[in-house]
Structure formats: C-alpha cells, structure tokens
$ cat upload.pdb   # PDB, C-alpha atoms, pLDDT in the B column
MODEL        1
ATOM      1  CA  GLU A   1      29.488  86.229 102.297  1.00 55.00           C
ATOM      2  CA  THR A   2      28.552  88.604  99.489  1.00 71.00           C
ATOM      3  CA  GLY A   3      30.345  90.613  96.838  1.00 91.00           C
ATOM      4  CA  VAL A   4      34.067  90.220  96.298  1.00 95.00           C
ATOM      5  CA  THR A   5      36.317  89.058  99.107  1.00 96.00           C
ATOM      6  CA  GLN A   6      40.100  89.074  99.286  1.00 97.00           C
ATOM      7  CA  THR A   7      42.566  87.439 101.647  1.00 96.00           C
ATOM      8  CA  PRO A   8      44.820  88.302 103.276  1.00 96.00           C
ATOM      9  CA  ARG A   9      44.026  91.965 103.835  1.00 95.00           C
ATOM     10  CA  HIS A  10      47.620  92.760 104.736  1.00 96.00           C
ATOM     11  CA  LEU A  11      50.815  90.979 103.775  1.00 95.00           C
ATOM     12  CA  VAL A  12      54.455  91.694 104.546  1.00 95.00           C
ATOM     13  CA  MET A  13      57.007  89.589 102.739  1.00 92.00           C
ATOM     14  CA  GLY A  14      60.694  89.478 102.038  1.00 89.00           C
ATOM     15  CA  MET A  15      62.080  89.525  98.529  1.00 87.00           C
ATOM     16  CA  THR A  16      62.823  85.796  98.610  1.00 87.00           C
ATOM     17  CA  ASN A  17      59.431  84.670  99.908  1.00 88.00           C
ATOM     18  CA  LYS A  18      56.621  83.042  97.983  1.00 93.00           C
ATOM     19  CA  LYS A  19      53.074  83.977  98.858  1.00 95.00           C
ATOM     20  CA  SER A  20      49.629  83.930  97.262  1.00 97.00           C
ATOM     21  CA  LEU A  21      46.715  86.333  97.239  1.00 97.00           C
ATOM     22  CA  LYS A  22      43.205  84.953  97.034  1.00 98.00           C
ATOM     23  CA  CYS A  23      40.043  86.454  95.620  1.00 97.00           C
ATOM     24  CA  GLU A  24      36.522  85.060  95.603  1.00 97.00           C
ATOM     25  CA  GLN A  25      33.431  86.568  94.016  1.00 95.00           C
ATOM     26  CA  HIS A  26      29.835  85.721  94.935  1.00 92.00           C
ATOM     27  CA  LEU A  27      28.168  87.762  92.181  1.00 89.00           C
ATOM     28  CA  GLY A  28      27.885  85.160  89.442  1.00 88.00           C
ATOM     29  CA  HIS A  29      30.183  87.091  87.122  1.00 88.00           C
ATOM     30  CA  ASN A  30      32.199  85.560  84.311  1.00 87.00           C
ATOM     31  CA  ALA A  31      35.187  87.865  84.342  1.00 89.00           C
ATOM     32  CA  MET A  32      37.748  88.530  87.065  1.00 92.00           C
ATOM     33  CA  TYR A  33      40.535  91.064  87.198  1.00 92.00           C
ATOM     34  CA  TRP A  34      43.695  91.864  89.121  1.00 95.00           C
ATOM     35  CA  TYR A  35      44.685  95.522  89.545  1.00 94.00           C
ATOM     36  CA  LYS A  36      47.638  97.196  91.198  1.00 95.00           C
ATOM     37  CA  GLN A  37      47.114 100.513  92.942  1.00 93.00           C
ATOM     38  CA  SER A  38      50.187 102.519  93.874  1.00 91.00           C
ATOM     39  CA  ALA A  39      50.188 105.893  95.562  1.00 83.00           C
ATOM     40  CA  LYS A  40      49.403 108.821  93.239  1.00 74.00           C
ATOM     41  CA  LYS A  41      48.962 106.568  90.202  1.00 82.00           C
ATOM     42  CA  PRO A  42      45.881 105.372  88.316  1.00 83.00           C
ATOM     43  CA  LEU A  43      44.736 101.831  88.828  1.00 89.00           C
ATOM     44  CA  GLU A  44      46.893  99.522  86.719  1.00 90.00           C
ATOM     45  CA  LEU A  45      45.174  96.552  85.139  1.00 90.00           C
ATOM     46  CA  MET A  46      47.357  93.443  85.493  1.00 93.00           C
ATOM     47  CA  PHE A  47      45.352  90.441  84.335  1.00 92.00           C
ATOM     48  CA  VAL A  48      41.920  89.639  82.962  1.00 89.00           C
ATOM     49  CA  TYR A  49      40.222  86.259  83.090  1.00 89.00           C
ATOM     50  CA  ASN A  50      37.054  85.421  81.240  1.00 83.00           C
ATOM     51  CA  PHE A  51      35.418  82.061  81.974  1.00 79.00           C
ATOM     52  CA  LYS A  52      38.694  80.896  83.578  1.00 77.00           C
ATOM     53  CA  GLU A  53      40.735  81.777  80.491  1.00 79.00           C
ATOM     54  CA  GLN A  54      43.324  84.520  80.647  1.00 78.00           C
ATOM     55  CA  THR A  55      42.415  87.115  78.042  1.00 77.00           C
ATOM     56  CA  GLU A  56      44.811  89.871  78.971  1.00 77.00           C
ATOM     57  CA  ASN A  57      48.246  90.161  80.520  1.00 78.00           C
ATOM     58  CA  ASN A  58      49.196  93.791  80.707  1.00 78.00           C
ATOM     59  CA  SER A  59      52.979  93.310  80.429  1.00 85.00           C
ATOM     60  CA  VAL A  60      53.203  92.141  84.011  1.00 91.00           C
ATOM     61  CA  PRO A  61      56.578  90.754  85.215  1.00 93.00           C
ATOM     62  CA  SER A  62      56.714  86.993  85.551  1.00 92.00           C
ATOM     63  CA  ARG A  63      57.244  87.259  89.323  1.00 94.00           C
ATOM     64  CA  PHE A  64      53.442  87.711  89.371  1.00 95.00           C
ATOM     65  CA  SER A  65      51.650  84.533  88.355  1.00 94.00           C
ATOM     66  CA  PRO A  66      47.842  84.442  88.208  1.00 94.00           C
ATOM     67  CA  GLU A  67      45.651  81.386  88.499  1.00 94.00           C
ATOM     68  CA  CYS A  68      41.923  81.087  87.888  1.00 93.00           C
ATOM     69  CA  PRO A  69      40.617  77.585  88.675  1.00 92.00           C
ATOM     70  CA  ASN A  70      36.971  78.581  88.124  1.00 90.00           C
ATOM     71  CA  SER A  71      34.855  81.672  87.507  1.00 87.00           C
ATOM     72  CA  SER A  72      34.507  82.383  91.220  1.00 92.00           C
ATOM     73  CA  HIS A  73      38.118  82.163  92.370  1.00 95.00           C
ATOM     74  CA  LEU A  74      41.249  84.009  91.392  1.00 96.00           C
ATOM     75  CA  PHE A  75      44.747  83.781  92.824  1.00 97.00           C
ATOM     76  CA  LEU A  76      47.873  85.855  92.412  1.00 97.00           C
ATOM     77  CA  HIS A  77      51.052  83.937  93.196  1.00 97.00           C
ATOM     78  CA  LEU A  78      53.998  86.092  94.209  1.00 95.00           C
ATOM     79  CA  HIS A  79      57.691  85.203  94.217  1.00 93.00           C
ATOM     80  CA  THR A  80      60.979  87.113  94.372  1.00 92.00           C
ATOM     81  CA  LEU A  81      59.200  90.442  94.506  1.00 93.00           C
ATOM     82  CA  GLN A  82      60.902  93.826  94.629  1.00 93.00           C
ATOM     83  CA  PRO A  83      60.248  96.668  97.088  1.00 93.00           C
ATOM     84  CA  GLU A  84      58.629  98.676  94.270  1.00 93.00           C
ATOM     85  CA  ASP A  85      55.952  95.973  94.092  1.00 95.00           C
ATOM     86  CA  SER A  86      54.585  97.211  97.416  1.00 95.00           C
ATOM     87  CA  ALA A  87      51.049  98.418  96.685  1.00 95.00           C
ATOM     88  CA  LEU A  88      47.375  97.706  97.157  1.00 95.00           C
ATOM     89  CA  TYR A  89      46.343  94.736  95.011  1.00 97.00           C
ATOM     90  CA  LEU A  90      42.705  94.792  94.070  1.00 96.00           C
ATOM     91  CA  CYS A  91      40.574  92.043  92.650  1.00 96.00           C
ATOM     92  CA  ALA A  92      37.413  92.829  90.715  1.00 94.00           C
ATOM     93  CA  SER A  93      34.704  90.862  88.999  1.00 92.00           C
ATOM     94  CA  GLY A  94      32.293  91.831  86.267  1.00 87.00           C
ATOM     95  CA  GLY A  95      30.204  90.676  83.362  1.00 73.00           C
ATOM     96  CA  THR A  96      31.582  90.290  79.883  1.00 64.00           C
ATOM     97  CA  GLY A  97      29.327  92.670  78.054  1.00 61.00           C
ATOM     98  CA  GLY A  98      30.562  96.159  77.356  1.00 55.00           C
ATOM     99  CA  GLU A  99      27.815  97.562  79.529  1.00 59.00           C
ATOM    100  CA  ASP A 100      28.908  95.590  82.563  1.00 69.00           C
ATOM    101  CA  THR A 101      30.862  97.388  85.183  1.00 80.00           C
ATOM    102  CA  GLN A 102      33.224  95.947  87.773  1.00 88.00           C
ATOM    103  CA  TYR A 103      32.915  95.379  91.476  1.00 91.00           C
ATOM    104  CA  PHE A 104      36.001  95.492  93.630  1.00 94.00           C
ATOM    105  CA  GLY A 105      37.171  93.636  96.671  1.00 95.00           C
ATOM    106  CA  PRO A 106      38.734  95.425  99.647  1.00 94.00           C
ATOM    107  CA  GLY A 107      42.262  94.749  98.428  1.00 96.00           C
ATOM    108  CA  THR A 108      45.424  93.271  99.888  1.00 97.00           C
ATOM    109  CA  ARG A 109      47.956  95.786 101.167  1.00 95.00           C
ATOM    110  CA  LEU A 110      51.319  94.277 100.231  1.00 96.00           C
ATOM    111  CA  THR A 111      54.632  95.427 101.642  1.00 95.00           C
ATOM    112  CA  VAL A 112      57.852  93.958 100.246  1.00 94.00           C
ATOM    113  CA  LEU A 113      60.872  94.405 102.484  1.00 91.00           C
TER     114      LEU A 113
ATOM    115  CA  GLN B   1      48.333 111.816  76.034  1.00 63.00           C
ATOM    116  CA  LYS B   2      46.695 109.682  78.714  1.00 75.00           C
ATOM    117  CA  GLU B   3      43.333 108.216  77.801  1.00 88.00           C
ATOM    118  CA  VAL B   4      41.659 109.564  80.950  1.00 93.00           C
ATOM    119  CA  GLU B   5      42.722 112.724  82.757  1.00 93.00           C
ATOM    120  CA  GLN B   6      41.604 113.592  86.256  1.00 93.00           C
ATOM    121  CA  ASP B   7      42.916 116.292  88.556  1.00 89.00           C
ATOM    122  CA  PRO B   8      44.164 114.515  91.695  1.00 86.00           C
ATOM    123  CA  GLY B   9      43.409 117.490  93.941  1.00 86.00           C
ATOM    124  CA  PRO B  10      43.331 117.503  96.890  1.00 92.00           C
ATOM    125  CA  LEU B  11      39.998 119.282  97.087  1.00 95.00           C
ATOM    126  CA  SER B  12      38.808 120.596 100.461  1.00 97.00           C
ATOM    127  CA  VAL B  13      35.316 122.035 100.996  1.00 97.00           C
ATOM    128  CA  PRO B  14      33.085 122.915 103.961  1.00 97.00           C
ATOM    129  CA  GLU B  15      30.119 120.762 104.858  1.00 97.00           C
ATOM    130  CA  GLY B  16      27.063 121.638 102.787  1.00 97.00           C
ATOM    131  CA  ALA B  17      29.041 122.810  99.747  1.00 97.00           C
ATOM    132  CA  ILE B  18      28.369 121.633  96.196  1.00 97.00           C
ATOM    133  CA  VAL B  19      31.292 119.620  94.928  1.00 97.00           C
ATOM    134  CA  SER B  20      32.180 119.269  91.258  1.00 97.00           C
ATOM    135  CA  LEU B  21      34.541 116.514  90.143  1.00 97.00           C
ATOM    136  CA  ASN B  22      35.605 116.149  86.518  1.00 97.00           C
ATOM    137  CA  CYS B  23      37.404 113.957  84.038  1.00 97.00           C
ATOM    138  CA  THR B  24      38.340 114.407  80.419  1.00 97.00           C
ATOM    139  CA  TYR B  25      39.135 111.676  77.973  1.00 96.00           C
ATOM    140  CA  SER B  26      40.618 111.320  74.528  1.00 94.00           C
ATOM    141  CA  ASN B  27      39.026 108.171  73.090  1.00 91.00           C
ATOM    142  CA  SER B  28      35.721 108.942  71.382  1.00 91.00           C
ATOM    143  CA  ALA B  29      34.850 105.232  71.471  1.00 88.00           C
ATOM    144  CA  PHE B  30      34.130 105.318  75.209  1.00 90.00           C
ATOM    145  CA  GLN B  31      30.435 104.735  75.811  1.00 88.00           C
ATOM    146  CA  TYR B  32      30.002 103.713  79.443  1.00 89.00           C
ATOM    147  CA  PHE B  33      31.047 105.999  82.261  1.00 92.00           C
ATOM    148  CA  MET B  34      31.369 105.274  85.941  1.00 93.00           C
ATOM    149  CA  TRP B  35      32.294 106.974  89.163  1.00 96.00           C
ATOM    150  CA  TYR B  36      33.819 105.026  92.004  1.00 96.00           C
ATOM    151  CA  ARG B  37      34.327 106.176  95.586  1.00 97.00           C
ATOM    152  CA  GLN B  38      37.295 104.846  97.509  1.00 95.00           C
ATOM    153  CA  TYR B  39      37.695 105.353 101.226  1.00 94.00           C
ATOM    154  CA  SER B  40      41.149 105.163 102.717  1.00 88.00           C
ATOM    155  CA  ARG B  41      42.514 101.606 102.767  1.00 82.00           C
ATOM    156  CA  LYS B  42      39.409 100.188 101.083  1.00 88.00           C
ATOM    157  CA  GLY B  43      38.587  98.985  97.582  1.00 92.00           C
ATOM    158  CA  PRO B  44      36.731 101.249  95.112  1.00 94.00           C
ATOM    159  CA  GLU B  45      32.946 101.193  95.430  1.00 93.00           C
ATOM    160  CA  LEU B  46      30.710 101.817  92.427  1.00 91.00           C
ATOM    161  CA  LEU B  47      28.822 105.067  92.938  1.00 93.00           C
ATOM    162  CA  MET B  48      27.288 106.056  89.597  1.00 91.00           C
ATOM    163  CA  TYR B  49      27.004 104.502  86.160  1.00 88.00           C
ATOM    164  CA  THR B  50      25.855 106.202  82.960  1.00 88.00           C
ATOM    165  CA  TYR B  51      25.660 105.326  79.311  1.00 84.00           C
ATOM    166  CA  SER B  52      26.459 107.841  76.566  1.00 81.00           C
ATOM    167  CA  SER B  53      25.617 111.515  77.009  1.00 82.00           C
ATOM    168  CA  GLY B  54      23.183 112.936  79.519  1.00 84.00           C
ATOM    169  CA  ASN B  55      22.549 113.270  83.228  1.00 90.00           C
ATOM    170  CA  LYS B  56      21.802 110.758  85.930  1.00 92.00           C
ATOM    171  CA  GLU B  57      20.756 111.623  89.448  1.00 94.00           C
ATOM    172  CA  ASP B  58      20.873 109.468  92.572  1.00 93.00           C
ATOM    173  CA  GLY B  59      20.096 111.242  95.799  1.00 96.00           C
ATOM    174  CA  ARG B  60      22.724 113.930  96.384  1.00 97.00           C
ATOM    175  CA  PHE B  61      24.818 112.721  93.447  1.00 97.00           C
ATOM    176  CA  THR B  62      24.467 113.738  89.792  1.00 97.00           C
ATOM    177  CA  ALA B  63      26.605 112.358  86.993  1.00 96.00           C
ATOM    178  CA  GLN B  64      26.882 114.223  83.699  1.00 96.00           C
ATOM    179  CA  VAL B  65      28.399 113.065  80.438  1.00 95.00           C
ATOM    180  CA  ASP B  66      29.147 115.353  77.500  1.00 94.00           C
ATOM    181  CA  LYS B  67      30.520 113.150  74.738  1.00 92.00           C
ATOM    182  CA  SER B  68      30.902 116.027  72.310  1.00 92.00           C
ATOM    183  CA  SER B  69      33.399 117.619  74.693  1.00 94.00           C
ATOM    184  CA  LYS B  70      34.754 114.302  76.019  1.00 94.00           C
ATOM    185  CA  TYR B  71      34.039 115.523  79.525  1.00 95.00           C
ATOM    186  CA  ILE B  72      32.302 113.892  82.480  1.00 96.00           C
ATOM    187  CA  SER B  73      31.350 115.330  85.840  1.00 97.00           C
ATOM    188  CA  LEU B  74      30.126 114.214  89.220  1.00 97.00           C
ATOM    189  CA  PHE B  75      28.271 116.706  91.390  1.00 97.00           C
ATOM    190  CA  ILE B  76      27.713 116.196  95.085  1.00 98.00           C
ATOM    191  CA  ARG B  77      25.068 118.403  96.695  1.00 97.00           C
ATOM    192  CA  ASP B  78      24.944 119.175 100.398  1.00 97.00           C
ATOM    193  CA  SER B  79      28.307 117.508 100.899  1.00 97.00           C
ATOM    194  CA  GLN B  80      28.920 115.683 104.176  1.00 97.00           C
ATOM    195  CA  PRO B  81      32.100 114.753 106.041  1.00 97.00           C
ATOM    196  CA  SER B  82      31.269 111.132 105.190  1.00 96.00           C
ATOM    197  CA  ASP B  83      31.781 112.032 101.516  1.00 97.00           C
ATOM    198  CA  SER B  84      35.494 112.494 102.227  1.00 97.00           C
ATOM    199  CA  ALA B  85      37.170 109.939  99.972  1.00 97.00           C
ATOM    200  CA  THR B  86      38.966 109.578  96.676  1.00 95.00           C
ATOM    201  CA  TYR B  87      36.686 109.658  93.640  1.00 97.00           C
ATOM    202  CA  LEU B  88      37.773 107.788  90.534  1.00 96.00           C
ATOM    203  CA  CYS B  89      36.219 108.118  87.124  1.00 96.00           C
ATOM    204  CA  ALA B  90      36.259 105.109  84.819  1.00 93.00           C
ATOM    205  CA  MET B  91      35.012 104.346  81.346  1.00 90.00           C
ATOM    206  CA  ASN B  92      35.008 101.659  78.698  1.00 86.00           C
ATOM    207  CA  ARG B  93      34.458 101.140  75.002  1.00 81.00           C
ATOM    208  CA  GLY B  94      31.623  98.716  75.319  1.00 70.00           C
ATOM    209  CA  SER B  95      33.227  95.917  73.358  1.00 59.00           C
ATOM    210  CA  THR B  96      36.259  94.701  75.244  1.00 55.00           C
ATOM    211  CA  LEU B  97      35.169  92.454  78.113  1.00 56.00           C
ATOM    212  CA  GLY B  98      34.359  95.495  80.188  1.00 61.00           C
ATOM    213  CA  ARG B  99      37.984  96.647  80.338  1.00 76.00           C
ATOM    214  CA  LEU B 100      37.909  99.885  82.323  1.00 85.00           C
ATOM    215  CA  TYR B 101      40.126 102.909  81.887  1.00 89.00           C
ATOM    216  CA  PHE B 102      40.576 104.845  85.114  1.00 92.00           C
ATOM    217  CA  GLY B 103      41.519 108.368  86.039  1.00 93.00           C
ATOM    218  CA  ARG B 104      44.048 108.953  88.821  1.00 92.00           C
ATOM    219  CA  GLY B 105      41.328 109.840  91.307  1.00 93.00           C
ATOM    220  CA  THR B 106      40.509 113.123  93.085  1.00 95.00           C
ATOM    221  CA  GLN B 107      40.985 113.253  96.834  1.00 95.00           C
ATOM    222  CA  LEU B 108      38.093 115.086  98.497  1.00 97.00           C
ATOM    223  CA  THR B 109      37.871 116.287 102.099  1.00 97.00           C
ATOM    224  CA  VAL B 110      34.631 117.733 103.475  1.00 97.00           C
ATOM    225  CA  TRP B 111      35.241 119.484 106.778  1.00 96.00           C
ATOM    226  CA  PRO B 112      32.501 120.087 109.349  1.00 95.00           C
TER     227      PRO B 112
ENDMDL
END
$ encode --input "upload.pdb" --output "structure tokens"
Amino acid sequence: ETGVTQTPRHLVMGMTNKKSLKCEQHLGHNAMYWYKQSAKKPLELMFVYNFKEQTENNSVPSRFSPECPNSSHLFLHLHTLQPEDSALYLCASGGTGGEDTQYFGPGTRLTVL
Amino acid sequence: QKEVEQDPGPLSVPEGAIVSLNCTYSNSAFQYFMWYRQYSRKGPELLMYTYSSGNKEDGRFTAQVDKSSKYISLFIRDSQPSDSATYLCAMNRGSTLGRLYFGRGTQLTVWP
C-alpha cells in the first residue's frame, strides 16, 4: 500500500458512541495532520504531530482526542460527538521543512446522528 | 480579513476552454504555493507546487505566483471533462512545520 490510507472510509455514529479513525502513511514523513472539511468551508486544521509529538491543537473540542503512537500512524478518537461534527475528516502527512508540502488520504466521511 | 481568499464558484466551461483559477492572500510571509485538486468524495491531490514568484508549467497546467500583488493563479489549457473537480489553493510561510493555509476551493465543471 502506498501514500496515505484512512479507515474507515465511511462512519455513521450516534452521539453517545465512541469510535476511532485510523490513518497510516507510507511516505516516510515526520509530520502528520488531521483536518476537518465541512461543506462550503475551507479545510480546518485540527492537530499537528511532528515525530509523534503534538505540536498544534487548533482549539479543537475535547470530544476529539488524537493519538500518534509513531511517525507512520495517527488516530482520532471520537466520543459524544454532535451532529455539527458531521464532515469529511482528512489525514495528511508531510515533511517538517517549510518547503515540504502535504499529501492527503482519501478521508473518512463521518455522519453523527 | 481571511489569510487566503478564493472564489468558490461554481465555474462552468465547455471542453477545450482555458480555465483561470485564482487566489489572493494577505500574509506577505507566504513563500510556498500549492494547488490541490479534489474530486467529489475524495481527498485533495497535489497538482502543482511553486516557490516564490514566477511561473511553473506541467502539461496542460500552469501555476503563476505574483508576490508583489499577493496573487496566485492556476491555468488549465484545453480543459477536459475529467478536470471537473474542486481546486484548492494552499500556501505556507516556510518556517512552521509546513502548516498550510487553504482557500475555500473553486468548484469547476467542464462540460463536453
């Protein structure tokens, strides 16, 4: 498998459920990112990890909990979500130099009922 | 004022047309500029990448950066129905772990 993969591709959950999104990158990058993409809005950066350490939390509610066990894997743990959290959640990986761009996974389409 | 402005469209053109997509930005510290293409229900795919001012060409695609005007463009020549997608511009300052600032995306439809 190459590039950035994400599972599951689609997820429907109730507001009381707990679920996790998984991301894996096969590009040898040091940094990994979670983004939220809602209709008609720019991509919203949620979290940044560099060498497994969280370097940025963009004022994300605590019902979203990231985990980065190593430079290749990234998780987003979800609990007690709200319907307005329904969106496409994208994972990306990249280098850590300013000239490095980011490569995205296919995303997880999340629907919160 | 948002850091990156991009007209969301939608933009609809006939096959074979030249398409011009644009973004403006406010932060003069941005140095690296990218264009991503996103098909429906897919993740963004890196299309073009440029550094500082100037032009870059790749097949039917040309990216232009004018830092003096804080304006970037993507031109698509001989547009095809397969070019129908949302195009997002992105940029970064070159010193912050590659943190990207995105435009809202422009939805493009090329009809046969």
$ interface_residues --input "upload.pdb" --of "chain B" --to "chain A" --cutoff "12 Å" --atoms "all atoms listed in the file" --output "NGL selection string"
:B and (2-10 or 29-52 or 86-107)
$ write_last_selection --input "upload.pdb" --atoms "C-alpha atoms" --output "mmCIF file, in the frame of the given file"
data_model
loop_
_atom_site.group_PDB
_atom_site.id
_atom_site.type_symbol
_atom_site.label_atom_id
_atom_site.label_comp_id
_atom_site.auth_asym_id
_atom_site.auth_seq_id
_atom_site.Cartn_x
_atom_site.Cartn_y
_atom_site.Cartn_z
ATOM 1 C CA LYS B 2 46.695 109.682 78.714
ATOM 2 C CA GLU B 3 43.333 108.216 77.801
ATOM 3 C CA VAL B 4 41.659 109.564 80.950
ATOM 4 C CA GLU B 5 42.722 112.724 82.757
ATOM 5 C CA GLN B 6 41.604 113.592 86.256
ATOM 6 C CA ASP B 7 42.916 116.292 88.556
ATOM 7 C CA PRO B 8 44.164 114.515 91.695
ATOM 8 C CA GLY B 9 43.409 117.490 93.941
ATOM 9 C CA PRO B 10 43.331 117.503 96.890
ATOM 10 C CA ALA B 29 34.850 105.232 71.471
ATOM 11 C CA PHE B 30 34.130 105.318 75.209
ATOM 12 C CA GLN B 31 30.435 104.735 75.811
ATOM 13 C CA TYR B 32 30.002 103.713 79.443
ATOM 14 C CA PHE B 33 31.047 105.999 82.261
ATOM 15 C CA MET B 34 31.369 105.274 85.941
ATOM 16 C CA TRP B 35 32.294 106.974 89.163
ATOM 17 C CA TYR B 36 33.819 105.026 92.004
ATOM 18 C CA ARG B 37 34.327 106.176 95.586
ATOM 19 C CA GLN B 38 37.295 104.846 97.509
ATOM 20 C CA TYR B 39 37.695 105.353 101.226
ATOM 21 C CA SER B 40 41.149 105.163 102.717
ATOM 22 C CA ARG B 41 42.514 101.606 102.767
ATOM 23 C CA LYS B 42 39.409 100.188 101.083
ATOM 24 C CA GLY B 43 38.587 98.985 97.582
ATOM 25 C CA PRO B 44 36.731 101.249 95.112
ATOM 26 C CA GLU B 45 32.946 101.193 95.430
ATOM 27 C CA LEU B 46 30.710 101.817 92.427
ATOM 28 C CA LEU B 47 28.822 105.067 92.938
ATOM 29 C CA MET B 48 27.288 106.056 89.597
ATOM 30 C CA TYR B 49 27.004 104.502 86.160
ATOM 31 C CA THR B 50 25.855 106.202 82.960
ATOM 32 C CA TYR B 51 25.660 105.326 79.311
ATOM 33 C CA SER B 52 26.459 107.841 76.566
ATOM 34 C CA THR B 86 38.966 109.578 96.676
ATOM 35 C CA TYR B 87 36.686 109.658 93.640
ATOM 36 C CA LEU B 88 37.773 107.788 90.534
ATOM 37 C CA CYS B 89 36.219 108.118 87.124
ATOM 38 C CA ALA B 90 36.259 105.109 84.819
ATOM 39 C CA MET B 91 35.012 104.346 81.346
ATOM 40 C CA ASN B 92 35.008 101.659 78.698
ATOM 41 C CA ARG B 93 34.458 101.140 75.002
ATOM 42 C CA GLY B 94 31.623 98.716 75.319
ATOM 43 C CA SER B 95 33.227 95.917 73.358
ATOM 44 C CA THR B 96 36.259 94.701 75.244
ATOM 45 C CA LEU B 97 35.169 92.454 78.113
ATOM 46 C CA GLY B 98 34.359 95.495 80.188
ATOM 47 C CA ARG B 99 37.984 96.647 80.338
ATOM 48 C CA LEU B 100 37.909 99.885 82.323
ATOM 49 C CA TYR B 101 40.126 102.909 81.887
ATOM 50 C CA PHE B 102 40.576 104.845 85.114
ATOM 51 C CA GLY B 103 41.519 108.368 86.039
ATOM 52 C CA ARG B 104 44.048 108.953 88.821
ATOM 53 C CA GLY B 105 41.328 109.840 91.307
ATOM 54 C CA THR B 106 40.509 113.123 93.085
ATOM 55 C CA GLN B 107 40.985 113.253 96.834
#
$ axis_aligned_box --input "upload.pdb" --around "stretch 36-51 of chain B" --padding-each-side "4 Å" --output "AutoDock Vina command-line options"
--center_x 34.1 --center_y 102.6 --center_z 91.0 --size_x 24.9 --size_y 15.2 --size_z 31.5
$ atom_distance --input "upload.pdb" --atom1 "atom CA of A:Pro66" --atom2 "atom CA of A:Glu53"
10.8 Å
$ atom_distance --input "upload.pdb" --atom1 "atom CA of A:His73" --atom2 "atom CA of A:Lys22"
7.4 Å
$ resolve_selection --input "upload.pdb" --expression "the PyMOL selection byres ((chain B and resi 63-80) around 7)" --output "compact mmCIF listing (two decimals) with C-alpha atoms, in the coordinates of the input"
# COMPACT_ATOMS: atom_id res chain seq x y z
CA GLU B 15 30.12 120.76 104.86
CA GLY B 16 27.06 121.64 102.79
CA ALA B 17 29.04 122.81 99.75
CA ILE B 18 28.37 121.63 96.20
CA VAL B 19 31.29 119.62 94.93
CA SER B 20 32.18 119.27 91.26
CA LEU B 21 34.54 116.51 90.14
CA ASN B 22 35.60 116.15 86.52
CA CYS B 23 37.40 113.96 84.04
CA THR B 24 38.34 114.41 80.42
CA TYR B 25 39.14 111.68 77.97
CA SER B 26 40.62 111.32 74.53
CA MET B 48 27.29 106.06 89.60
CA SER B 52 26.46 107.84 76.57
CA SER B 53 25.62 111.52 77.01
CA GLY B 54 23.18 112.94 79.52
CA ASN B 55 22.55 113.27 83.23
CA LYS B 56 21.80 110.76 85.93
CA GLU B 57 20.76 111.62 89.45
CA ARG B 60 22.72 113.93 96.38
CA PHE B 61 24.82 112.72 93.45
CA THR B 62 24.47 113.74 89.79
CA PRO B 81 32.10 114.75 106.04
CA SER B 82 31.27 111.13 105.19
CA ASP B 83 31.78 112.03 101.52
CA VAL B 110 34.63 117.73 103.48
$ resolve_selection --input "upload.pdb" --expression "the PyMOL selection byres ((chain A and resi 60) around 12)" --output "JSON, numbers by chain"
{"A": [34, 35, 36, 44, 45, 46, 47, 48, 56, 57, 58, 59, 61, 62, 63, 64, 65, 66, 76, 78, 85]}
$ atom_distance --input "upload.pdb" --atom1 "atom CA of A:Thr7" --atom2 "atom CA of B:Ala85"
23.2 Å
$ resolve_selection --input "upload.pdb" --expression "the PyMOL selection byres ((chain A and resi 16) around 7)" --output "list in words"
Gly14, Met15, Asn17, Lys18, His79 and Thr80 of chain A
